[in-house]
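Shown here: work37.txt, compact mmCIF, C-alpha atoms.
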```txt
# COMPACT_ATOMS: atom_id res chain seq x y z
CA MET S 1 28.81 31.52 5.48
CA GLU S 2 28.32 28.95 8.21
CA LEU S 3 25.28 27.17 9.58
CA GLU S 4 25.12 24.92 12.59
CA ILE S 5 22.45 22.35 11.81
CA VAL S 6 20.32 20.49 14.32
CA ARG S 7 20.56 16.80 13.50
CA ARG S 8 17.07 15.97 12.28
CA ILE S 9 15.39 15.63 8.88
CA ASP S 10 13.18 18.65 9.56
CA SER S 11 16.33 20.81 9.42
CA LEU S 12 16.21 20.50 5.61
CA LYS S 13 14.02 23.62 5.56
CA ASP S 14 16.68 25.64 7.43
CA ILE S 15 19.38 24.27 5.14
CA TYR S 16 17.39 25.21 2.04
CA GLU S 17 16.82 28.77 3.27
CA PHE S 18 20.47 29.18 4.28
CA ILE S 19 21.78 28.00 0.89
CA GLU S 20 19.23 30.11 -1.01
CA ALA S 21 20.30 33.20 0.96
CA PHE S 22 23.91 32.49 -0.01
CA PHE S 23 22.95 32.05 -3.68
CA GLU S 24 21.00 35.29 -3.70
CA SER S 25 23.72 37.37 -2.07
CA ASN S 26 26.37 35.95 -4.39
CA GLY S 27 24.37 35.75 -7.64
CA THR S 28 25.20 32.05 -7.96
CA ALA S 29 24.54 30.67 -11.46
CA ASP S 30 21.42 28.56 -11.94
CA PRO S 31 23.23 25.36 -13.05
CA VAL S 32 25.03 25.29 -9.69
CA ARG S 33 21.96 25.67 -7.47
CA TYR S 34 20.11 22.38 -7.90
CA PRO S 35 23.19 20.17 -7.55
CA VAL S 36 24.30 21.99 -4.38
CA HIS S 37 20.88 21.62 -2.74
CA PHE S 38 20.78 17.99 -3.83
CA VAL S 39 24.25 17.04 -2.60
CA VAL S 40 23.91 18.81 0.75
CA GLU S 41 20.57 17.06 1.35
CA GLU S 42 21.97 13.63 0.49
CA LEU S 43 25.04 14.04 2.70
CA PHE S 44 23.13 15.55 5.62
CA THR S 45 20.30 12.98 5.59
CA ASN S 46 22.90 10.19 5.57
CA MET S 47 24.48 11.73 8.66
CA VAL S 48 21.10 11.82 10.39
CA LYS S 49 20.06 8.31 9.33
CA TYR S 50 23.27 6.48 10.15
CA ASN S 51 24.06 8.18 13.45
CA PRO S 52 20.67 8.37 15.13
CA GLY S 53 22.06 8.50 18.68
CA ASN S 54 24.48 11.32 17.96
CA MET S 55 23.23 14.63 19.41
CA ASN S 56 25.98 16.83 17.93
CA THR S 57 25.08 19.50 15.43
CA VAL S 58 26.46 19.34 11.89
CA LEU S 59 28.43 22.28 10.53
CA LEU S 60 27.71 23.50 7.00
CA ASP S 61 30.09 25.97 5.42
CA ILE S 62 29.54 27.42 1.94
CA ASP S 63 31.77 29.81 0.06
CA THR S 64 32.36 31.03 -3.47
CA ASP S 65 34.88 29.13 -5.60
CA GLY S 66 35.48 31.05 -8.81
CA ASP S 67 32.12 31.10 -10.61
CA GLY S 68 30.91 28.21 -8.50
CA VAL S 69 30.78 27.21 -4.86
CA LYS S 70 32.76 25.20 -2.36
CA VAL S 71 30.85 23.43 0.40
CA MET S 72 32.23 21.83 3.54
CA ILE S 73 30.16 19.63 5.88
CA THR S 74 31.66 18.62 9.20
CA ASP S 75 30.25 15.94 11.48
CA TYR S 76 31.58 15.22 14.97
CA ASP S 77 31.97 11.98 16.96
CA VAL S 78 31.15 9.64 14.08
CA ASP S 79 32.56 6.42 12.61
CA ASP S 80 34.66 6.45 9.47
CA PHE S 81 32.50 6.38 6.32
CA ASP S 82 34.16 7.37 3.09
CA VAL S 83 31.50 8.94 0.87
CA THR S 84 33.93 9.14 -2.07
CA ARG S 85 34.15 5.34 -2.35
CA LYS S 86 32.49 4.09 -5.54
CA ARG S 87 29.18 2.36 -4.88
CA ASP S 88 27.94 -0.67 -6.82
CA VAL S 89 24.69 0.63 -8.24
CA ASP S 90 23.22 -1.00 -11.33
CA ILE S 91 21.20 1.77 -12.93
CA HIS S 92 20.41 -0.52 -15.86
CA ALA S 93 18.69 -3.17 -13.75
CA PRO S 94 15.08 -3.90 -14.74
CA LEU S 95 12.31 -2.58 -12.52
CA GLU S 96 11.68 -5.91 -10.76
CA GLU S 97 15.32 -6.06 -9.63
CA ARG S 98 15.50 -2.46 -8.44
CA LYS S 99 15.69 -1.86 -4.71
CA VAL S 100 14.38 1.30 -3.06
CA GLY S 101 17.29 3.32 -1.65
CA GLY S 102 21.02 3.30 -2.24
CA LEU S 103 21.08 5.85 -5.06
CA GLY S 104 22.02 8.92 -3.00
CA LEU S 105 25.81 8.70 -2.98
CA HIS S 106 25.86 7.41 -6.54
CA LEU S 107 24.02 10.58 -7.59
CA VAL S 108 26.25 12.80 -5.45
CA ARG S 109 29.27 11.66 -7.48
CA HIS S 110 27.49 12.71 -10.68
CA MET S 111 26.51 16.11 -9.35
CA VAL S 112 29.82 17.53 -8.12
CA ASP S 113 33.05 18.54 -9.80
CA LYS S 114 35.23 17.42 -6.91
CA LEU S 115 34.43 15.43 -3.77
CA ASP S 116 36.85 14.98 -0.86
CA TYR S 117 36.56 13.18 2.43
CA HIS S 118 38.78 13.56 5.46
CA TYR S 119 38.43 11.63 8.72
CA GLU S 120 40.43 12.30 11.86
CA ASP S 121 39.79 12.01 15.60
CA ARG S 122 36.22 10.82 14.96
CA ARG S 123 35.50 13.94 12.94
CA SER S 124 34.44 13.60 9.30
CA ARG S 125 34.74 16.45 6.87
CA ILE S 126 33.28 16.27 3.37
CA THR S 127 34.21 18.98 0.89
CA PHE S 128 32.82 19.38 -2.60
CA THR S 129 32.97 21.96 -5.35
CA LYS S 130 30.48 22.70 -8.08
CA GLY S 131 30.94 25.15 -10.93
CA PRO S 132 28.53 26.28 -13.63
CA GLY S 133 30.33 24.41 -16.44
CA MET A 1 6.99 23.31 0.61
CA PHE A 2 5.53 20.35 -1.24
CA ASP A 3 2.03 19.59 -2.37
CA ILE A 4 0.46 16.64 -4.15
CA ASP A 5 -3.12 16.31 -5.36
CA TYR A 6 -5.27 15.31 -8.30
CA GLY A 7 -5.77 17.81 -11.11
CA LEU A 8 -8.99 18.30 -13.03
CA ASP A 9 -7.87 15.87 -15.76
CA GLY A 10 -7.12 13.12 -13.23
CA ALA A 11 -3.35 13.57 -13.39
CA ILE A 12 -1.45 13.78 -10.12
CA ILE A 13 0.02 17.26 -9.72
CA CYS A 14 3.24 17.58 -7.73
CA LYS A 15 4.33 21.06 -6.63
CA GLY A 16 7.38 22.46 -4.89
CA ARG A 17 10.22 20.47 -3.42
CA LEU A 18 10.06 16.74 -2.81
CA ASP A 19 12.87 16.28 -0.31
CA ALA A 20 13.39 13.74 2.48
CA ALA A 21 11.23 15.76 4.87
CA GLN A 22 8.25 15.57 2.48
CA CYS A 23 8.47 11.92 1.46
CA GLU A 24 6.06 10.62 4.03
CA LYS A 25 3.35 12.92 2.67
CA ALA A 26 4.11 11.88 -0.91
CA GLN A 27 4.26 8.17 -0.06
CA GLU A 28 0.97 8.30 1.81
CA PHE A 29 -0.70 9.81 -1.26
CA MET A 30 0.93 7.42 -3.72
CA ASP A 31 0.08 4.36 -1.62
CA ALA A 32 -3.58 5.09 -2.33
CA VAL A 33 -3.02 5.06 -6.12
CA ALA A 34 -4.30 1.77 -7.46
CA GLU A 35 -4.13 2.17 -11.25
CA ALA A 36 -2.01 3.63 -14.04
CA LYS A 37 -1.62 7.38 -13.52
CA THR A 38 0.11 10.41 -14.99
CA LEU A 39 2.28 12.52 -12.69
CA ASP A 40 2.54 16.14 -13.78
CA PHE A 41 5.87 17.65 -12.67
CA SER A 42 5.41 21.07 -14.30
CA GLU A 43 5.44 22.72 -10.86
CA LEU A 44 7.86 20.34 -9.18
CA GLU A 45 11.14 22.22 -8.71
CA TYR A 46 13.21 19.60 -6.97
CA ILE A 47 13.42 15.93 -6.11
CA SER A 48 16.05 14.17 -4.01
CA SER A 49 16.90 10.47 -3.83
CA ALA A 50 14.29 10.10 -1.08
CA GLY A 51 11.68 11.30 -3.58
CA LEU A 52 12.99 8.86 -6.17
CA GLY A 53 12.33 6.14 -3.60
CA VAL A 54 8.66 7.13 -3.43
CA LEU A 55 8.37 6.90 -7.22
CA LEU A 56 10.21 3.58 -7.42
CA LYS A 57 8.21 1.94 -4.66
CA THR A 58 4.95 3.00 -6.34
CA GLN A 59 6.10 1.91 -9.78
CA LYS A 60 7.10 -1.54 -8.52
CA ARG A 61 3.74 -2.01 -6.81
CA LEU A 62 1.74 -0.87 -9.86
CA ALA A 63 3.86 -2.89 -12.29
CA ALA A 64 3.04 -6.05 -10.35
CA GLY A 65 -0.57 -5.45 -11.43
CA GLY A 66 0.35 -4.56 -15.00
CA ALA A 67 0.03 -0.78 -14.57
CA GLY A 68 2.57 2.04 -14.23
CA LEU A 69 3.27 5.73 -13.86
CA LYS A 70 3.77 8.21 -16.65
CA ILE A 71 5.68 11.37 -15.71
CA ILE A 72 5.23 14.54 -17.76
CA ASN A 73 6.61 18.10 -17.82
CA VAL A 74 9.90 17.30 -16.12
CA ASN A 75 12.40 20.16 -15.67
CA ASN A 76 15.97 19.75 -16.91
CA HIS A 77 17.50 19.28 -13.45
CA ILE A 78 15.09 16.49 -12.56
CA LYS A 79 15.66 14.98 -16.02
CA ASP A 80 19.37 14.78 -15.15
CA VAL A 81 18.57 13.05 -11.86
CA PHE A 82 16.38 10.53 -13.71
CA ARG A 83 19.09 9.90 -16.27
CA TYR A 84 21.83 9.36 -13.67
CA SER A 85 19.46 6.97 -11.83
CA GLY A 86 18.43 5.00 -14.91
CA PHE A 87 14.82 6.00 -14.22
CA ASN A 88 14.28 6.94 -17.86
CA ALA A 89 14.34 3.19 -18.61
CA ILE A 90 11.83 2.12 -15.95
CA PHE A 91 9.34 5.01 -16.16
CA ASP A 92 7.43 6.43 -19.10
CA ILE A 93 8.84 9.98 -19.06
CA GLU A 94 7.61 12.67 -21.40
CA ALA A 95 9.25 16.11 -21.50
```
Take the structure in the file and give it back as structure tokens.
Amino acid sequence: MELEIVRRIDSLKDIYEFIEAFFESNGTADPVRYPVHFVVEELFTNMVKYNPGNMNTVLLDIDTDGDGVKVMITDYDVDDFDVTRKRDVDIHAPLEERKVGGLGLHLVRHMVDKLDYHYEDRRSRITFTKGPG
Amino acid sequence: MFDIDYGLDGAIICKGRLDAAQCEKAQEFMDAVAEAKTLDFSELEYISSAGLGVLLKTQKRLAAGGAGLKIINVNNHIKDVFRYSGFNAIFDIEA
């Protein structure tokens, strides 16, 4: 299933409904659902935030992958930004040293089974899989 | 759909999905909180990192005055998000 997403934060509602429709028609297991919603939101909102002048739509593709799902998000005419690179996030820092923001991609890495990034001709493609295990 | 309001016992009730599109609403409400409060998450299905930012910003502000947030009735998915974020060490979280 494919969805062409208008590049704005308000599109999160359309994304949610699209993913839920996929889950319902495929009987996707509960442990898969939250992480998929979470990871798609984090990746999509990053695309919106860091490319504010880009008017291209973002392509979301979701398919079954065994008992789980495989998701592909493609963004056009963007700079290279490898989301698989490990981020320095100190989750043990005391409250006074914590900064708001910067947790998204750290959490994405925890939520998926496999995360891939491919960049070519100013097109970025992020693929992740998530199973029920 | 996200909603935030005070319950009858004075706790702050969060309902629905706290995603990036709903953070402004949540932040506006939390910015008006001036003392230690309990957040009841029994009807909160989902929170993203943008929602975590709302909680963290509020906790930092309240902690500067010696107060803080207590979060109760957290579902297992959100518990995982808190654990991966280290939030269980900087918030008082009760299952």
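Across S:Met55, S:Leu12, S:Met72, S:Val89, the tightest approach to S:Leu105 is made by S:Val89 when counting all atoms listed in the file.
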*Residues of chain A within 10 Å of chain S, all atoms listed in the file counted, as a ChimeraX atom specification*: /A:1,19-22,45-57,59-61,63-64,76-78,80-91
Box for stretch 74-86 of chain A - axis-aligned, 4 Å on each of the six sides, all listed atoms - centre and size in Å to one decimal, as AutoDock Vina command-line options.
```
--center_x 15.9 --center_y 12.6 --center_z -14.4 --size_x 19.9 --size_y 23.2 --size_z 13.1
```
*Counting all atoms listed in the file, select every polymer residue within 6 Å of (29.9, 22.9, -9.7) as defined in the file's coordinates, and provide the selection as a list in words.*
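Every residue inside that radius is included here: Val32, Gly68, Val112, Asp113, Thr129, Lys130, Gly131 and Pro132 of chain S.
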Residues at most 12 Å from A:Phe41, counting only C-alpha atoms, excluding those fewer than 4 positions away in the same chain, as an mmCIF file with C-alpha atoms, in the coordinates of the input?
```cif
data_model
loop_
_atom_site.group_PDB
_atom_site.id
_atom_site.type_symbol
_atom_site.label_atom_id
_atom_site.label_comp_id
_atom_site.auth_asym_id
_atom_site.auth_seq_id
_atom_site.Cartn_x
_atom_site.Cartn_y
_atom_site.Cartn_z
ATOM 1 C CA PHE A 2 5.530 20.350 -1.240
ATOM 2 C CA ASP A 3 2.030 19.590 -2.370
ATOM 3 C CA ILE A 4 0.460 16.640 -4.150
ATOM 4 C CA ASP A 5 -3.120 16.310 -5.360
ATOM 5 C CA GLY A 7 -5.770 17.810 -11.110
ATOM 6 C CA ALA A 11 -3.350 13.570 -13.390
ATOM 7 C CA ILE A 12 -1.450 13.780 -10.120
ATOM 8 C CA ILE A 13 0.020 17.260 -9.720
ATOM 9 C CA CYS A 14 3.240 17.580 -7.730
ATOM 10 C CA LYS A 15 4.330 21.060 -6.630
ATOM 11 C CA GLY A 16 7.380 22.460 -4.890
ATOM 12 C CA ARG A 17 10.220 20.470 -3.420
ATOM 13 C CA LEU A 18 10.060 16.740 -2.810
ATOM 14 C CA GLU A 45 11.140 22.220 -8.710
ATOM 15 C CA TYR A 46 13.210 19.600 -6.970
ATOM 16 C CA ILE A 47 13.420 15.930 -6.110
ATOM 17 C CA LYS A 70 3.770 8.210 -16.650
ATOM 18 C CA ILE A 71 5.680 11.370 -15.710
ATOM 19 C CA ILE A 72 5.230 14.540 -17.760
ATOM 20 C CA ASN A 73 6.610 18.100 -17.820
ATOM 21 C CA VAL A 74 9.900 17.300 -16.120
ATOM 22 C CA ASN A 75 12.400 20.160 -15.670
ATOM 23 C CA ASN A 76 15.970 19.750 -16.910
ATOM 24 C CA HIS A 77 17.500 19.280 -13.450
ATOM 25 C CA ILE A 78 15.090 16.490 -12.560
ATOM 26 C CA LYS A 79 15.660 14.980 -16.020
ATOM 27 C CA ILE A 93 8.840 9.980 -19.060
ATOM 28 C CA GLU A 94 7.610 12.670 -21.400
ATOM 29 C CA ALA A 95 9.250 16.110 -21.500
#
```
*Any idea what's packed within 8 Å of S:Asp61, counting all atoms listed in the file, ignoring anything in its chain fewer than 5 positions away? Could you give it as number ranges by chain?*
S: 1-3, 71-73
*Name the residues, using the chain letters and numbers of the file, that sit within 8 Å of (29.4, 31.6, 0.5) when counting all atoms listed in the file, and give them as a PyMOL selection string.*
chain S and resi 1+22-23+26+61-64+69-70
Near S:Asp79, counting all atoms listed in the file, which residues have an atom at most 12 Å away, once you skip same-chain residues fewer than 5 positions from it, shown as an mmCIF file with C-alpha atoms, keeping the file's coordinate frame?
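Result file is out_24.cif:
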```
data_model
loop_
_atom_site.group_PDB
_atom_site.id
_atom_site.type_symbol
_atom_site.label_atom_id
_atom_site.label_comp_id
_atom_site.auth_asym_id
_atom_site.auth_seq_id
_atom_site.Cartn_x
_atom_site.Cartn_y
_atom_site.Cartn_z
ATOM 1 C CA MET S 47 24.480 11.730 8.660
ATOM 2 C CA TYR S 50 23.270 6.480 10.150
ATOM 3 C CA ASN S 51 24.060 8.180 13.450
ATOM 4 C CA ASN S 54 24.480 11.320 17.960
ATOM 5 C CA HIS S 118 38.780 13.560 5.460
ATOM 6 C CA TYR S 119 38.430 11.630 8.720
ATOM 7 C CA GLU S 120 40.430 12.300 11.860
ATOM 8 C CA ASP S 121 39.790 12.010 15.600
ATOM 9 C CA ARG S 122 36.220 10.820 14.960
ATOM 10 C CA ARG S 123 35.500 13.940 12.940
ATOM 11 C CA SER S 124 34.440 13.600 9.300
ATOM 12 C CA ARG S 125 34.740 16.450 6.870
#
```
_Set the distance at 12 Å and use only C-alpha atoms: which residues neighbour A:Ala32 once local chain neighbours fewer than 3 positions away are removed? I'd like the list as a PyMOL selection string._
chain A and resi 5-6+12+25-29+35-37+58+61-62
Store the residues of this selection in a file with C-alpha atoms, as an mmCIF file, in the frame of the given file.
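selection-v9.cif, freshly written:
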```cif
data_model
loop_
_atom_site.group_PDB
_atom_site.id
_atom_site.type_symbol
_atom_site.label_atom_id
_atom_site.label_comp_id
_atom_site.auth_asym_id
_atom_site.auth_seq_id
_atom_site.Cartn_x
_atom_site.Cartn_y
_atom_site.Cartn_z
ATOM 1 C CA ASP A 5 -3.120 16.310 -5.360
ATOM 2 C CA TYR A 6 -5.270 15.310 -8.300
ATOM 3 C CA ILE A 12 -1.450 13.780 -10.120
ATOM 4 C CA LYS A 25 3.350 12.920 2.670
ATOM 5 C CA ALA A 26 4.110 11.880 -0.910
ATOM 6 C CA GLN A 27 4.260 8.170 -0.060
ATOM 7 C CA GLU A 28 0.970 8.300 1.810
ATOM 8 C CA PHE A 29 -0.700 9.810 -1.260
ATOM 9 C CA GLU A 35 -4.130 2.170 -11.250
ATOM 10 C CA ALA A 36 -2.010 3.630 -14.040
ATOM 11 C CA LYS A 37 -1.620 7.380 -13.520
ATOM 12 C CA THR A 58 4.950 3.000 -6.340
ATOM 13 C CA ARG A 61 3.740 -2.010 -6.810
ATOM 14 C CA LEU A 62 1.740 -0.870 -9.860
#
```
*Between S:Phe18, S:Tyr117, S:Phe128, S:Tyr76, which has the minimum distance to S:Asn56 (counting only C-alpha atoms)?*
S:Tyr76
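Relative to atom CA of A:Leu69, atom CA of A:Asp31 is found at 12.7 Å.
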*Between atom CA of S:Gly66 and atom CA of S:Val40, measure the distance and give it in Å to one decimal.*
19.4 Å
*What is the atom CA of S:Thr28-atom CA of S:Thr84 distance in Å, reported with one decimal?*
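That distance, rounded to one decimal, is 25.2 Å.
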